[in-house]
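Text of the file query-v1.txt, holding compact mmCIF, C-alpha atoms:
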# COMPACT_ATOMS: atom_id res chain seq x y z
CA MET A 1 -40.12 -20.78 -24.46
CA ALA A 2 -38.18 -21.17 -27.70
CA LEU A 3 -36.10 -18.03 -27.27
CA LEU A 4 -34.82 -19.02 -23.84
CA VAL A 5 -33.91 -22.47 -25.15
CA LEU A 6 -32.00 -20.97 -28.09
CA LEU A 7 -30.19 -18.52 -25.83
CA GLY A 8 -29.19 -21.40 -23.57
CA ILE A 9 -27.87 -23.37 -26.56
CA GLN A 10 -26.02 -20.25 -27.68
CA ILE A 11 -24.14 -20.13 -24.39
CA VAL A 12 -23.07 -23.77 -24.80
CA LEU A 13 -21.94 -23.16 -28.38
CA LEU A 14 -19.99 -20.03 -27.45
CA ALA A 15 -18.21 -22.00 -24.75
CA ALA A 16 -17.46 -24.73 -27.31
CA VAL A 17 -15.84 -22.23 -29.67
CA VAL A 18 -13.76 -20.85 -26.80
CA GLY A 19 -12.59 -24.39 -26.07
CA ALA A 20 -11.72 -24.96 -29.74
CA LEU A 21 -9.72 -21.73 -29.86
CA ALA A 22 -7.89 -22.63 -26.66
CA ASN A 23 -7.01 -26.00 -28.19
CA ARG A 24 -5.61 -24.32 -31.32
CA ILE A 25 -3.55 -21.92 -29.23
CA GLN A 26 -2.14 -24.90 -27.33
CA VAL A 27 -1.17 -26.61 -30.61
CA ILE A 28 0.51 -23.42 -31.86
CA GLU A 29 2.40 -23.10 -28.56
CA LYS A 30 3.75 -26.62 -29.05
CA ILE A 31 4.88 -25.77 -32.57
CA ARG A 32 6.50 -22.55 -31.37
CA SER A 33 8.38 -24.40 -28.63
CA GLY A 34 9.92 -26.72 -31.22
CA GLN A 35 7.81 -29.82 -30.74
CA VAL A 36 7.30 -31.88 -33.84
CA LEU A 37 3.62 -32.44 -34.54
CA GLY A 38 1.95 -34.40 -37.25
CA PRO A 39 0.16 -32.36 -39.92
CA SER A 40 -3.13 -33.94 -38.87
CA GLU A 41 -2.98 -32.43 -35.37
CA ALA A 42 -2.66 -28.85 -36.61
CA GLU A 43 -5.28 -29.45 -39.29
CA SER A 44 -7.65 -31.00 -36.76
CA ALA A 45 -7.29 -27.94 -34.51
CA ASP A 46 -8.17 -25.64 -37.41
CA ASN A 47 -11.10 -27.82 -38.47
CA LEU A 48 -12.47 -27.90 -34.93
CA VAL A 49 -12.46 -24.10 -34.73
CA ALA A 50 -14.07 -23.79 -38.16
CA ALA A 51 -16.79 -26.34 -37.38
CA ALA A 52 -17.62 -24.94 -33.94
CA GLY A 53 -17.62 -21.36 -35.26
CA SER A 54 -19.87 -22.25 -38.17
CA ILE A 55 -22.44 -24.03 -36.00
CA GLU A 56 -22.43 -21.17 -33.49
CA GLY A 57 -22.85 -18.61 -36.28
CA TRP A 58 -25.90 -20.34 -37.74
CA PHE A 59 -27.47 -20.70 -34.31
CA TRP A 60 -26.80 -17.02 -33.65
CA ILE A 61 -28.77 -16.12 -36.78
CA ALA A 62 -31.64 -18.39 -35.72
CA THR A 63 -31.60 -16.91 -32.22
CA PHE A 64 -31.67 -13.37 -33.57
CA VAL A 65 -34.66 -14.16 -35.80
CA VAL A 66 -36.56 -15.66 -32.86
CA TRP A 67 -35.58 -12.66 -30.71
CA ILE A 68 -37.09 -10.32 -33.31
CA LEU A 69 -40.34 -12.30 -33.37
CA TRP A 70 -40.45 -12.43 -29.57
CA GLN A 71 -39.81 -8.70 -29.17
CA PHE A 72 -42.52 -7.82 -31.67
CA ARG A 73 -45.09 -9.95 -29.86
CA ALA A 74 -43.96 -8.81 -26.41
CA GLN A 75 -44.14 -5.15 -27.47
CA ARG A 76 -47.65 -5.67 -28.79
CA ALA A 77 -48.69 -7.47 -25.59
CA ALA A 78 -47.28 -4.61 -23.49
CA ARG A 79 -49.39 -2.11 -25.38
CA GLU A 80 -52.49 -4.20 -24.70
CA LEU A 81 -51.69 -4.38 -20.99
CA SER A 82 -51.08 -0.66 -20.57
CA SER A 83 -53.81 1.89 -19.98
CA VAL A 84 -51.29 4.70 -20.51
CA ARG A 85 -50.51 5.40 -24.18
CA ARG A 86 -47.10 7.00 -23.78
CA PHE A 87 -45.18 4.59 -25.98
CA ARG A 88 -42.28 5.88 -28.05
CA PHE A 89 -42.08 2.77 -30.19
CA THR A 90 -44.58 0.73 -32.13
CA PRO A 91 -43.95 -3.03 -32.34
CA GLY A 92 -42.74 -2.52 -35.91
CA TRP A 93 -40.23 0.17 -35.01
CA ALA A 94 -39.04 -1.82 -32.02
CA ILE A 95 -37.80 -4.29 -34.63
CA GLY A 96 -36.81 -1.78 -37.29
CA TRP A 97 -34.25 0.00 -35.12
CA TRP A 98 -32.10 -3.14 -35.07
CA PHE A 99 -31.46 -2.73 -38.80
CA ILE A 100 -30.77 1.01 -39.09
CA PRO A 101 -27.04 1.86 -39.25
CA ILE A 102 -25.63 3.99 -36.43
CA ALA A 103 -29.01 4.13 -34.67
CA SER A 104 -28.75 0.39 -34.05
CA PHE A 105 -25.95 1.10 -31.57
CA TRP A 106 -28.42 2.71 -29.17
CA MET A 107 -32.10 2.52 -30.14
CA PRO A 108 -32.61 -1.24 -29.55
CA PHE A 109 -31.58 -0.60 -25.95
CA GLU A 110 -34.27 2.07 -25.75
CA THR A 111 -36.92 -0.27 -27.16
CA VAL A 112 -36.10 -3.06 -24.71
CA ARG A 113 -36.01 -0.59 -21.83
CA GLU A 114 -39.50 0.64 -22.76
CA LEU A 115 -40.72 -2.92 -23.19
CA TRP A 116 -39.52 -3.92 -19.74
CA LYS A 117 -41.13 -0.90 -18.10
CA ALA A 118 -44.48 -1.24 -19.88
CA SER A 119 -44.75 -4.99 -19.33
CA GLU A 120 -45.83 -4.54 -15.72
CA GLY A 121 -48.97 -2.75 -16.88
CA ARG A 122 -48.78 -0.04 -14.21
CA PRO A 123 -50.32 3.35 -15.04
CA ASP A 124 -47.03 5.05 -14.07
CA TRP A 125 -44.80 2.71 -16.05
CA PRO A 126 -43.05 5.49 -18.04
CA ASP A 127 -41.65 6.83 -14.76
CA ILE A 128 -40.25 3.52 -13.52
CA PRO A 129 -36.42 3.64 -13.16
CA THR A 130 -34.53 1.62 -15.74
CA TRP A 131 -33.47 -1.82 -14.57
CA SER A 132 -29.67 -1.86 -14.36
CA VAL A 133 -29.50 -5.33 -15.92
CA ILE A 134 -30.70 -3.86 -19.22
CA GLY A 135 -27.82 -1.40 -19.23
CA TRP A 136 -25.29 -4.11 -18.42
CA TRP A 137 -26.73 -6.30 -21.18
CA TRP A 138 -26.42 -3.59 -23.79
CA GLY A 139 -22.94 -2.61 -22.64
CA ALA A 140 -21.84 -6.25 -22.91
CA PHE A 141 -23.42 -6.53 -26.34
CA LEU A 142 -21.51 -3.49 -27.63
CA ALA A 143 -18.27 -4.72 -26.03
CA TRP A 144 -18.77 -8.08 -27.75
CA LEU A 145 -19.13 -6.34 -31.11
CA ALA A 146 -16.02 -4.24 -30.48
CA ALA A 147 -13.90 -7.25 -29.51
CA LEU A 148 -15.09 -9.18 -32.57
CA ASN A 149 -14.11 -6.27 -34.82
CA ILE A 150 -10.65 -6.12 -33.25
CA ALA A 151 -10.16 -9.86 -33.72
CA SER A 152 -11.36 -9.66 -37.33
CA ALA A 153 -8.96 -6.80 -38.04
CA LEU A 154 -6.07 -8.84 -36.63
CA THR A 155 -6.94 -11.68 -39.02
CA GLU A 156 -5.58 -9.64 -41.94
CA GLU A 157 -2.22 -9.29 -40.17
CA VAL A 158 -1.74 -12.94 -39.22
CA VAL A 159 1.60 -14.05 -40.67
CA THR A 160 3.31 -15.58 -37.61
CA PRO A 161 2.33 -18.00 -34.82
CA ASP A 162 2.31 -15.06 -32.40
CA GLY A 163 -0.15 -13.27 -34.68
CA VAL A 164 -2.46 -16.29 -34.76
CA ILE A 165 -2.37 -16.56 -30.98
CA ARG A 166 -3.08 -12.84 -30.54
CA ARG A 167 -6.04 -13.04 -32.92
CA ASP A 168 -7.46 -16.15 -31.28
CA GLU A 169 -7.10 -14.60 -27.82
CA TRP A 170 -9.17 -11.61 -28.96
CA PHE A 171 -11.80 -13.97 -30.35
CA MET A 172 -11.88 -15.74 -27.00
CA VAL A 173 -12.33 -12.43 -25.19
CA ALA A 174 -15.19 -11.57 -27.54
CA LEU A 175 -16.88 -14.91 -27.01
CA VAL A 176 -16.59 -14.74 -23.22
CA ILE A 177 -18.22 -11.30 -23.34
CA GLY A 178 -20.84 -12.84 -25.63
CA VAL A 179 -21.60 -15.47 -22.99
CA ALA A 180 -22.12 -12.71 -20.41
CA ALA A 181 -24.37 -10.76 -22.78
CA THR A 182 -26.41 -13.88 -23.53
CA VAL A 183 -26.89 -14.68 -19.84
CA LEU A 184 -28.12 -11.13 -19.26
CA ALA A 185 -30.42 -11.41 -22.30
CA MET A 186 -31.96 -14.56 -20.82
CA THR A 187 -32.50 -12.72 -17.55
CA ILE A 188 -34.26 -9.85 -19.33
CA VAL A 189 -36.47 -12.13 -21.44
CA GLY A 190 -37.48 -14.11 -18.37
CA ALA A 191 -38.23 -10.93 -16.43
CA ILE A 192 -40.38 -9.44 -19.20
CA ARG A 193 -42.28 -12.68 -19.57
CA SER A 194 -42.86 -12.86 -15.80
CA ARG A 195 -44.01 -9.22 -15.62
CA GLN A 196 -46.48 -9.69 -18.47
CA ASP A 197 -47.82 -12.92 -16.97
CA ASP A 198 -48.34 -11.20 -13.60
CA ALA A 199 -49.99 -8.18 -15.24
CA THR A 200 -52.31 -10.43 -17.26
CA GLU A 201 -53.30 -12.38 -14.15
CA LEU A 202 -53.93 -9.20 -12.17
CA ARG A 203 -55.99 -7.77 -14.99
CA SER A 204 -58.17 -10.86 -15.09
CA LEU A 205 -58.77 -10.66 -11.33
CA ILE A 206 -59.87 -7.02 -11.29
CA ARG A 207 -61.90 -7.18 -14.50
CA PRO A 208 -65.57 -6.84 -13.54
CA SER A 209 -67.63 -9.89 -14.18
CA ALA A 210 -70.68 -9.73 -16.39
CA PRO A 211 -73.90 -9.04 -14.44
CA SER A 212 -75.98 -12.12 -13.85
CA ARG A 213 -79.36 -12.28 -15.48
CA ILE A 214 -82.27 -12.17 -13.07
CA PRO A 215 -85.23 -14.11 -14.34
CA PRO A 216 -88.36 -11.97 -14.75
CA PRO A 217 -91.10 -12.48 -12.19
CA PRO A 218 -93.86 -14.87 -13.18

Step by step, read the file and then write its structure as structure tokens.
Amino acid sequence: MALLVLLGIQIVLLAAVVGALANRIQVIEKIRSGQVLGPSEAESADNLVAAAGSIEGWFWIATFVVWILWQFRAQRAARELSSVRRFRFTPGWAIGWWFIPIASFWMPFETVRELWKASEGRPDWPDIPTWSVIGWWWGAFLAWLAALNIASALTEEVVTPDGVIRRDEWFMVALVIGVAATVLAMTIVGAIRSRQDDATELRSLIRPSAPSRIPPPP
């Protein structure tokens, strides 16, 4: 499944950026302690962070696009599997809420929660308790956004080595939280896929077969 592959690559890239940031912090610590470094070492540390961050950023965009496509199709499949029409969200609005300011801080969680419930195809799916993993995923996602905003705000105040280190440490915190959120996202995607596969198989087993034709008597 393309989305799971991209999410897995995203975890590797996030870890790579964390490593690049840790390397730059180590270089800055050497400079602060009075060690004499060649200009190429400091420049290489900056270039490594820039390259790793750029690659990760482009992959994040690609992953988000594939997530949107997956969620639309999964939402549509859930509606086909369910005999109970108590959906709050159409496939289109399940995607649209990601792009609406303010509402995007909560409504995507609601759409994924509904998707997970409905994917089992049970008649009582609206009454199924929410899976705690979905809540942890969304909490980690919001914490990742908050930490990124803090790190970005510190960028404007970077004038000393200590300021650079503080900013990079916040970026590292954000990226570690991003890894956790991505792992949880993979768990949710896998669970929804498994539930829909099981529901589809069960539906095919209980679907009545077409009556056989009895040849007319001679």

Work out how far CA of Leu21 in chain A is from CA of Ser40 in chain A, in Å to one decimal.
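Between these atoms lies a distance of 16.5 Å.
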
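Ranking A:Ile68, A:Leu7, A:Val112, A:Ala20 by their shortest atom-to-atom distance to Ala45 in chain A, with only C-alpha atoms included, puts A:Ala20 first.
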
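Among the candidates A:Glu80, A:Leu142, A:Ala51, A:Ser104, the residue lying nearest to Ala174 in chain A is A:Leu142 (atoms considered: all atoms listed in the file).
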
In Å to one decimal, how far is CA of Arg167 in chain A from CA of Ile150 in chain A?
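Atom-to-atom, CA of Ile150 in chain A to CA of Arg167 in chain A, that is 8.3 Å.
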
With distances taken over only C-alpha atoms, which of A:Gln10, A:Ser33, A:Ser204, A:Thr90 is nearest to Ile61 in chain A?
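Checking each of A:Gln10, A:Ser33, A:Ser204, A:Thr90 against Ile61 in chain A, counting only C-alpha atoms, the winner is A:Gln10.
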
What is the distance between CA of Gly53 in chain A and CA of Gly139 in chain A, in Å to one decimal?
23.2 Å

Could you pull the residues within 12 Å of Glu110 in chain A, counting only C-alpha atoms, minus those fewer than 6 positions along the same chain, as number ranges by chain?
A: 87-89, 93-95, 97-98, 103-104, 116-117, 130-131, 134-135, 138

Okay, now the selection with C-alpha atoms, as an mmCIF file, in the frame of the given file?
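Result file out_6.cif:
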data_model
loop_
_atom_site.group_PDB
_atom_site.id
_atom_site.type_symbol
_atom_site.label_atom_id
_atom_site.label_comp_id
_atom_site.auth_asym_id
_atom_site.auth_seq_id
_atom_site.Cartn_x
_atom_site.Cartn_y
_atom_site.Cartn_z
ATOM 1 C CA PHE A 87 -45.180 4.590 -25.980
ATOM 2 C CA ARG A 88 -42.280 5.880 -28.050
ATOM 3 C CA PHE A 89 -42.080 2.770 -30.190
ATOM 4 C CA TRP A 93 -40.230 0.170 -35.010
ATOM 5 C CA ALA A 94 -39.040 -1.820 -32.020
ATOM 6 C CA ILE A 95 -37.800 -4.290 -34.630
ATOM 7 C CA TRP A 97 -34.250 0.000 -35.120
ATOM 8 C CA TRP A 98 -32.100 -3.140 -35.070
ATOM 9 C CA ALA A 103 -29.010 4.130 -34.670
ATOM 10 C CA SER A 104 -28.750 0.390 -34.050
ATOM 11 C CA TRP A 116 -39.520 -3.920 -19.740
ATOM 12 C CA LYS A 117 -41.130 -0.900 -18.100
ATOM 13 C CA THR A 130 -34.530 1.620 -15.740
ATOM 14 C CA TRP A 131 -33.470 -1.820 -14.570
ATOM 15 C CA ILE A 134 -30.700 -3.860 -19.220
ATOM 16 C CA GLY A 135 -27.820 -1.400 -19.230
ATOM 17 C CA TRP A 138 -26.420 -3.590 -23.790
#

List as a VMD selection string the residues having at least one atom at most 10 Å from position (-13.4, -20.4, -27.9) as given in the file, counting only C-alpha atoms.
chain A and resid 13 to 24 49 52 to 53 168 to 176

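Closest approach to Leu69 in chain A among A:Pro129, A:Gly92, A:Val183, A:Gly57 is made by A:Gly92 (distances from only C-alpha atoms).
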
One residue among A:Ile11, A:Arg193, A:Phe141, A:Ser132 is nearest to Trp70 in chain A when using all atoms listed in the file, and that residue is A:Arg193

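Excluding Val164 in chain A and any residue on its chain fewer than 2 positions from it, the residues at most 12 Å away by only C-alpha atoms are Leu21, Ala22, Arg24, Ile25, Gln26, Val27, Ile28, Glu29, Arg32, Asp46, Ala151, Ser152, Ala153, Leu154, Thr155, Glu156, Glu157, Val158, Val159, Thr160, Pro161, Asp162, Arg166, Arg167, Asp168, Glu169, Trp170 and Phe171 of chain A.
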
Can I get the selected residues back with C-alpha atoms, as a PDB file, in the frame of the given file?
ATOM      1  CA  LEU A  21      -9.720 -21.730 -29.860  1.00  0.00           C
ATOM      2  CA  ALA A  22      -7.890 -22.630 -26.660  1.00  0.00           C
ATOM      3  CA  ARG A  24      -5.610 -24.320 -31.320  1.00  0.00           C
ATOM      4  CA  ILE A  25      -3.550 -21.920 -29.230  1.00  0.00           C
ATOM      5  CA  GLN A  26      -2.140 -24.900 -27.330  1.00  0.00           C
ATOM      6  CA  VAL A  27      -1.170 -26.610 -30.610  1.00  0.00           C
ATOM      7  CA  ILE A  28       0.510 -23.420 -31.860  1.00  0.00           C
ATOM      8  CA  GLU A  29       2.400 -23.100 -28.560  1.00  0.00           C
ATOM      9  CA  ARG A  32       6.500 -22.550 -31.370  1.00  0.00           C
ATOM     10  CA  ASP A  46      -8.170 -25.640 -37.410  1.00  0.00           C
ATOM     11  CA  ALA A 151     -10.160  -9.860 -33.720  1.00  0.00           C
ATOM     12  CA  SER A 152     -11.360  -9.660 -37.330  1.00  0.00           C
ATOM     13  CA  ALA A 153      -8.960  -6.800 -38.040  1.00  0.00           C
ATOM     14  CA  LEU A 154      -6.070  -8.840 -36.630  1.00  0.00           C
ATOM     15  CA  THR A 155      -6.940 -11.680 -39.020  1.00  0.00           C
ATOM     16  CA  GLU A 156      -5.580  -9.640 -41.940  1.00  0.00           C
ATOM     17  CA  GLU A 157      -2.220  -9.290 -40.170  1.00  0.00           C
ATOM     18  CA  VAL A 158      -1.740 -12.940 -39.220  1.00  0.00           C
ATOM     19  CA  VAL A 159       1.600 -14.050 -40.670  1.00  0.00           C
ATOM     20  CA  THR A 160       3.310 -15.580 -37.610  1.00  0.00           C
ATOM     21  CA  PRO A 161       2.330 -18.000 -34.820  1.00  0.00           C
ATOM     22  CA  ASP A 162       2.310 -15.060 -32.400  1.00  0.00           C
ATOM     23  CA  ARG A 166      -3.080 -12.840 -30.540  1.00  0.00           C
ATOM     24  CA  ARG A 167      -6.040 -13.040 -32.920  1.00  0.00           C
ATOM     25  CA  ASP A 168      -7.460 -16.150 -31.280  1.00  0.00           C
ATOM     26  CA  GLU A 169      -7.100 -14.600 -27.820  1.00  0.00           C
ATOM     27  CA  TRP A 170      -9.170 -11.610 -28.960  1.00  0.00           C
ATOM     28  CA  PHE A 171     -11.800 -13.970 -30.350  1.00  0.00           C
TER      29      PHE A 171
END

Can you tell me, as a list in words, what residues are no more than 10 Å from Pro126 in chain A when counting all atoms listed in the file, ignoring any on the same chain fewer than 6 positions away?
Val84, Arg85, Arg86, Phe87, Glu114, Lys117 and Ala118 of chain A

May I have the centre and edge lengths, in Å to one decimal, of an axis-aligned box around the listed atoms of range 111-117 of chain A with 5 Å added to every side, as AutoDock Vina command-line options?
--center_x -38.6 --center_y -1.6 --center_z -22.6 --size_x 15.1 --size_y 14.6 --size_z 19.1

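Residues in contact range of Ser119 in chain A, defined as at most 8 Å between all atoms listed in the file, with sequence neighbours fewer than 4 positions away removed, read A:Ala77, A:Ala78, A:Leu81, A:Ser82, A:Leu115, A:Ile192, A:Arg195, A:Gln196, A:Ala199.
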